[in-house]
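A short write-up of the structure that comes next.
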Amino acid sequence: MLLVTFTIGEERYAMRTDAVVEITPVVRMKQLPLSDAYVAGIFSYRGTPVPVIDLCQLFEQRPSLTRMSTRIILVRHTAASATSHVLGLIAEQVNGTIHRREDELVPSGVTVAAAPFLEGICSDADGLIQLVDHNRMLPDSVLARLFQSDQLAPAPTSASTSRCAIDAHVSIAPAVVNDEHS
């Protein structure tokens, strides 16, 4: 299986790429007043509003740092009702991809009730990597608020996925630096 890797704080994480639609640089977002702190806002993806979650805020209760490697990972989020929408996840240090076999993922041996999205772990020469399941990151009540409108981006079908940045590998779009102070 192919995994996209990223870092939050000092910890490394990975996510299966089978649900990844595209990985983009961070863009300016519309803030949602009075929303949960980890809801970074919404932005227009191919003309459709997409809600964005800040993984650093969700995992460590701090906003993501603005780095050249900070990205929005767009995923097909499938709700319990089997409906599917595009969800953006801001992650720091999106490092690339790694290949792992299913049997290389092992249970961590620890269950964290507040983090049901934590799955198995794998390792490489730099240490352990925690696998996360984006479909289990948010409570149903939050998902209901984020995806209450039919105007939010429906997830691309498998036919339209071929034109996205994910196929046999993940393409990570380069950051665009806009230095207004020079």
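Starting from 1 in every chain, residues are counted up; chains themselves are A, B, ... following the order of the structure tokens, and ligands are numbered from 1 as listed.
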
For the contact check between stretch 11-85 of chain A and stretch 127-130 of chain A, emit one row per residue of stretch 11-85 of chain A within 7 Å, containing the shortest atom pair and the distance in Å rounded to one decimal, counting only C-alpha atoms, chain then rising number order, as CSV.
residue,atom,partner,partner_atom,distance
A:Arg12,CA,A:Ile129,CA,5.1
A:Tyr13,CA,A:Gln130,CA,4.6
A:Ala14,CA,A:Gln130,CA,6.1

(message) Could you list, as a list in words, every residue within 10 Å of stretch 103-114 of chain A, counting only C-alpha atoms and ignoring same-chain residues fewer than 4 positions away?
(response) His99, Leu118, Glu119, Gly120, Ile121, Cys122, Ser123, Leu128, Ile129, Gln130, Leu131 and Met137 of chain A

Could you please take those selected residues and save C-alpha atoms as a CSV table (one decimal), in the first residue's frame?
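Written out: result_36.csv:
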chain,number,residue,atom,x,y,z
A,99,HIS,CA,5.3,1.8,0.3
A,118,LEU,CA,-4.9,6.1,15.4
A,119,GLU,CA,-4.3,2.8,13.7
A,120,GLY,CA,-1.2,0.6,13.5
A,121,ILE,CA,2.4,1.6,13.3
A,122,CYS,CA,5.2,0.9,10.9
A,123,SER,CA,8.8,1.9,10.9
A,128,LEU,CA,8.1,4.8,14.1
A,129,ILE,CA,5.3,6.1,11.9
A,130,GLN,CA,1.8,6.2,13.2
A,131,LEU,CA,-1.0,5.4,10.7
A,137,MET,CA,-10.9,11.8,13.1

(message) Could you check the closest approach to A:Pro49 for each of A:Val75, A:Leu34, A:Leu146, A:Val20 and tell me which residue wins, using only C-alpha atoms?
(response)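 Selected residue with least distance to A:Pro49: A:Leu146.
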
(request) Considering only C-alpha atoms, return as a PyMOL selection string whatever protein or nucleic-acid residues lie within 9 Å of stretch 86-91 of chain A, sequence-local ones (same chain, fewer than 4 positions apart) excluded. (result) chain A and resi 6-8+21+26+40+42-43+50-56+64+69-78+134+152-156

(message) Restricting the calculation to only C-alpha atoms: of A:Ser84, A:Gln93, A:Pro33, A:Gly41, which residue gets closest to A:Glu11?
(response)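 For A:Glu11, the nearest of the candidates is A:Gln93.
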
(message) as an MDAnalysis selection string, please: every residue in stretch 85-118 of chain A that DSSP puts in strand (DSSP E).
(response) chainID A and resid 85:91 96:99 118

May I have the selected residues written with N, CA and C atoms, as a PDB file, in the first residue's frame?
ATOM      1  N   HIS A  85     -17.628  13.095   0.769  1.00  0.00           N
ATOM      2  CA  HIS A  85     -17.337  14.486   0.466  1.00  0.00           C
ATOM      3  C   HIS A  85     -15.827  14.694   0.511  1.00  0.00           C
ATOM      4  N   VAL A  86     -15.384  15.777  -0.095  1.00  0.00           N
ATOM      5  CA  VAL A  86     -13.973  16.144  -0.007  1.00  0.00           C
ATOM      6  C   VAL A  86     -13.759  16.921   1.282  1.00  0.00           C
ATOM      7  N   LEU A  87     -12.711  16.553   2.014  1.00  0.00           N
ATOM      8  CA  LEU A  87     -12.322  17.201   3.250  1.00  0.00           C
ATOM      9  C   LEU A  87     -10.852  17.562   3.142  1.00  0.00           C
ATOM     10  N   GLY A  88     -10.483  18.768   3.550  1.00  0.00           N
ATOM     11  CA  GLY A  88      -9.089  19.190   3.546  1.00  0.00           C
ATOM     12  C   GLY A  88      -8.462  18.993   4.916  1.00  0.00           C
ATOM     13  N   LEU A  89      -7.227  18.518   4.948  1.00  0.00           N
ATOM     14  CA  LEU A  89      -6.487  18.308   6.187  1.00  0.00           C
ATOM     15  C   LEU A  89      -5.155  19.036   6.079  1.00  0.00           C
ATOM     16  N   ILE A  90      -4.953  20.070   6.917  1.00  0.00           N
ATOM     17  CA  ILE A  90      -3.672  20.784   6.905  1.00  0.00           C
ATOM     18  C   ILE A  90      -2.673  19.957   7.703  1.00  0.00           C
ATOM     19  N   ALA A  91      -1.531  19.680   7.093  1.00  0.00           N
ATOM     20  CA  ALA A  91      -0.474  18.917   7.754  1.00  0.00           C
ATOM     21  C   ALA A  91       0.868  19.608   7.529  1.00  0.00           C
ATOM     22  N   GLY A  96       6.288  13.183   1.660  1.00  0.00           N
ATOM     23  CA  GLY A  96       6.287  12.351   0.470  1.00  0.00           C
ATOM     24  C   GLY A  96       5.503  11.088   0.718  1.00  0.00           C
ATOM     25  N   THR A  97       5.922  10.009   0.094  1.00  0.00           N
ATOM     26  CA  THR A  97       5.210   8.745   0.222  1.00  0.00           C
ATOM     27  C   THR A  97       6.169   7.611   0.552  1.00  0.00           C
ATOM     28  N   ILE A  98       5.601   6.569   1.134  1.00  0.00           N
ATOM     29  CA  ILE A  98       6.339   5.332   1.380  1.00  0.00           C
ATOM     30  C   ILE A  98       5.441   4.157   1.007  1.00  0.00           C
ATOM     31  N   HIS A  99       6.039   3.072   0.618  1.00  0.00           N
ATOM     32  CA  HIS A  99       5.304   1.838   0.344  1.00  0.00           C
ATOM     33  C   HIS A  99       5.457   0.913   1.544  1.00  0.00           C
ATOM     34  N   LEU A 118      -6.261   6.723  15.433  1.00  0.00           N
ATOM     35  CA  LEU A 118      -4.913   6.146  15.433  1.00  0.00           C
ATOM     36  C   LEU A 118      -5.009   4.661  15.127  1.00  0.00           C
TER      37      LEU A 118
END

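Every residue of stretch 7-162 of chain A with a DSSP assignment of helix (DSSP H, G or I), taken from the backbone, is listed as Thr17, Asp18, Ala19, Leu55, Cys56, Gln57, Leu58, Phe59, Glu60, Glu102, Asp103, Glu104, His134, Asn135, Arg136, Asp140, Ser141, Val142, Leu143, Ala144, Arg145, Leu146, Ser158, Ala159, Ser160 and Thr161 of chain A.
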
So that I have them on file, write out the residues from the current selection with N, CA and C atoms, as a tab-separated table (two decimals), in the first residue's frame.
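And here is the file that came out, selection-v1.tsv:
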chain	number	residue	atom	x	y	z
A	17	THR	N	-3.11	6.45	0.79
A	17	THR	CA	-3.37	7.36	-0.33
A	17	THR	C	-4.59	6.97	-1.14
A	18	ASP	N	-5.20	5.84	-0.87
A	18	ASP	CA	-6.34	5.43	-1.69
A	18	ASP	C	-7.51	6.40	-1.61
A	19	ALA	N	-7.59	7.21	-0.55
A	19	ALA	CA	-8.65	8.20	-0.43
A	19	ALA	C	-8.17	9.62	-0.71
A	55	LEU	N	-4.68	19.63	11.36
A	55	LEU	CA	-4.28	18.45	12.13
A	55	LEU	C	-3.44	18.80	13.36
A	56	CYS	N	-2.62	19.84	13.28
A	56	CYS	CA	-1.84	20.25	14.46
A	56	CYS	C	-2.77	20.72	15.57
A	57	GLN	N	-3.80	21.47	15.20
A	57	GLN	CA	-4.77	21.94	16.19
A	57	GLN	C	-5.54	20.77	16.78
A	58	LEU	N	-5.88	19.79	15.95
A	58	LEU	CA	-6.62	18.62	16.41
A	58	LEU	C	-5.76	17.73	17.31
A	59	PHE	N	-4.50	17.50	16.91
A	59	PHE	CA	-3.63	16.58	17.65
A	59	PHE	C	-2.93	17.24	18.83
A	60	GLU	N	-2.48	18.50	18.65
A	60	GLU	CA	-1.63	19.14	19.67
A	60	GLU	C	-2.19	20.44	20.22
A	102	GLU	N	0.66	-4.61	4.06
A	102	GLU	CA	-0.28	-4.67	5.19
A	102	GLU	C	0.36	-5.35	6.39
A	103	ASP	N	1.14	-6.40	6.15
A	103	ASP	CA	1.74	-7.13	7.27
A	103	ASP	C	2.87	-6.36	7.95
A	104	GLU	N	3.27	-5.22	7.37
A	104	GLU	CA	4.28	-4.37	8.02
A	104	GLU	C	3.65	-3.40	9.02
A	134	HIS	N	-8.41	9.02	8.40
A	134	HIS	CA	-9.11	10.31	8.33
A	134	HIS	C	-10.62	10.16	8.51
A	135	ASN	N	-11.18	9.00	8.21
A	135	ASN	CA	-12.62	8.80	8.36
A	135	ASN	C	-13.06	8.71	9.82
A	136	ARG	N	-12.10	8.56	10.74
A	136	ARG	CA	-12.44	8.43	12.16
A	136	ARG	C	-11.92	9.60	12.99
A	140	ASP	N	-19.18	12.57	14.88
A	140	ASP	CA	-20.31	12.68	13.96
A	140	ASP	C	-20.97	14.05	14.03
A	141	SER	N	-21.02	14.64	15.22
A	141	SER	CA	-21.67	15.95	15.36
A	141	SER	C	-20.92	17.03	14.57
A	142	VAL	N	-19.60	16.96	14.54
A	142	VAL	CA	-18.80	17.92	13.77
A	142	VAL	C	-18.99	17.66	12.28
A	143	LEU	N	-18.96	16.41	11.88
A	143	LEU	CA	-19.16	16.06	10.47
A	143	LEU	C	-20.52	16.54	9.97
A	144	ALA	N	-21.53	16.41	10.80
A	144	ALA	CA	-22.87	16.87	10.41
A	144	ALA	C	-22.88	18.36	10.14
A	145	ARG	N	-22.12	19.12	10.94
A	145	ARG	CA	-22.06	20.58	10.71
A	145	ARG	C	-21.21	20.91	9.47
A	146	LEU	N	-20.12	20.19	9.28
A	146	LEU	CA	-19.24	20.48	8.15
A	146	LEU	C	-19.88	20.12	6.82
A	158	SER	N	-14.53	7.35	-8.97
A	158	SER	CA	-13.30	6.70	-9.44
A	158	SER	C	-12.98	7.11	-10.87
A	159	ALA	N	-14.00	7.42	-11.67
A	159	ALA	CA	-13.75	7.85	-13.05
A	159	ALA	C	-13.07	9.21	-13.09
A	160	SER	N	-13.44	10.10	-12.16
A	160	SER	CA	-12.83	11.43	-12.18
A	160	SER	C	-11.52	11.47	-11.41
A	161	THR	N	-11.24	10.44	-10.59
A	161	THR	CA	-10.00	10.43	-9.83
A	161	THR	C	-8.79	10.36	-10.73

(message) Using only C-alpha atoms, can you tell me which of A:Pro25, A:Pro63, A:Glu10, A:Ala125 comes closest to A:Tyr38?
(response)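 Looking at the shortest contact to A:Tyr38, the residue is A:Pro63.
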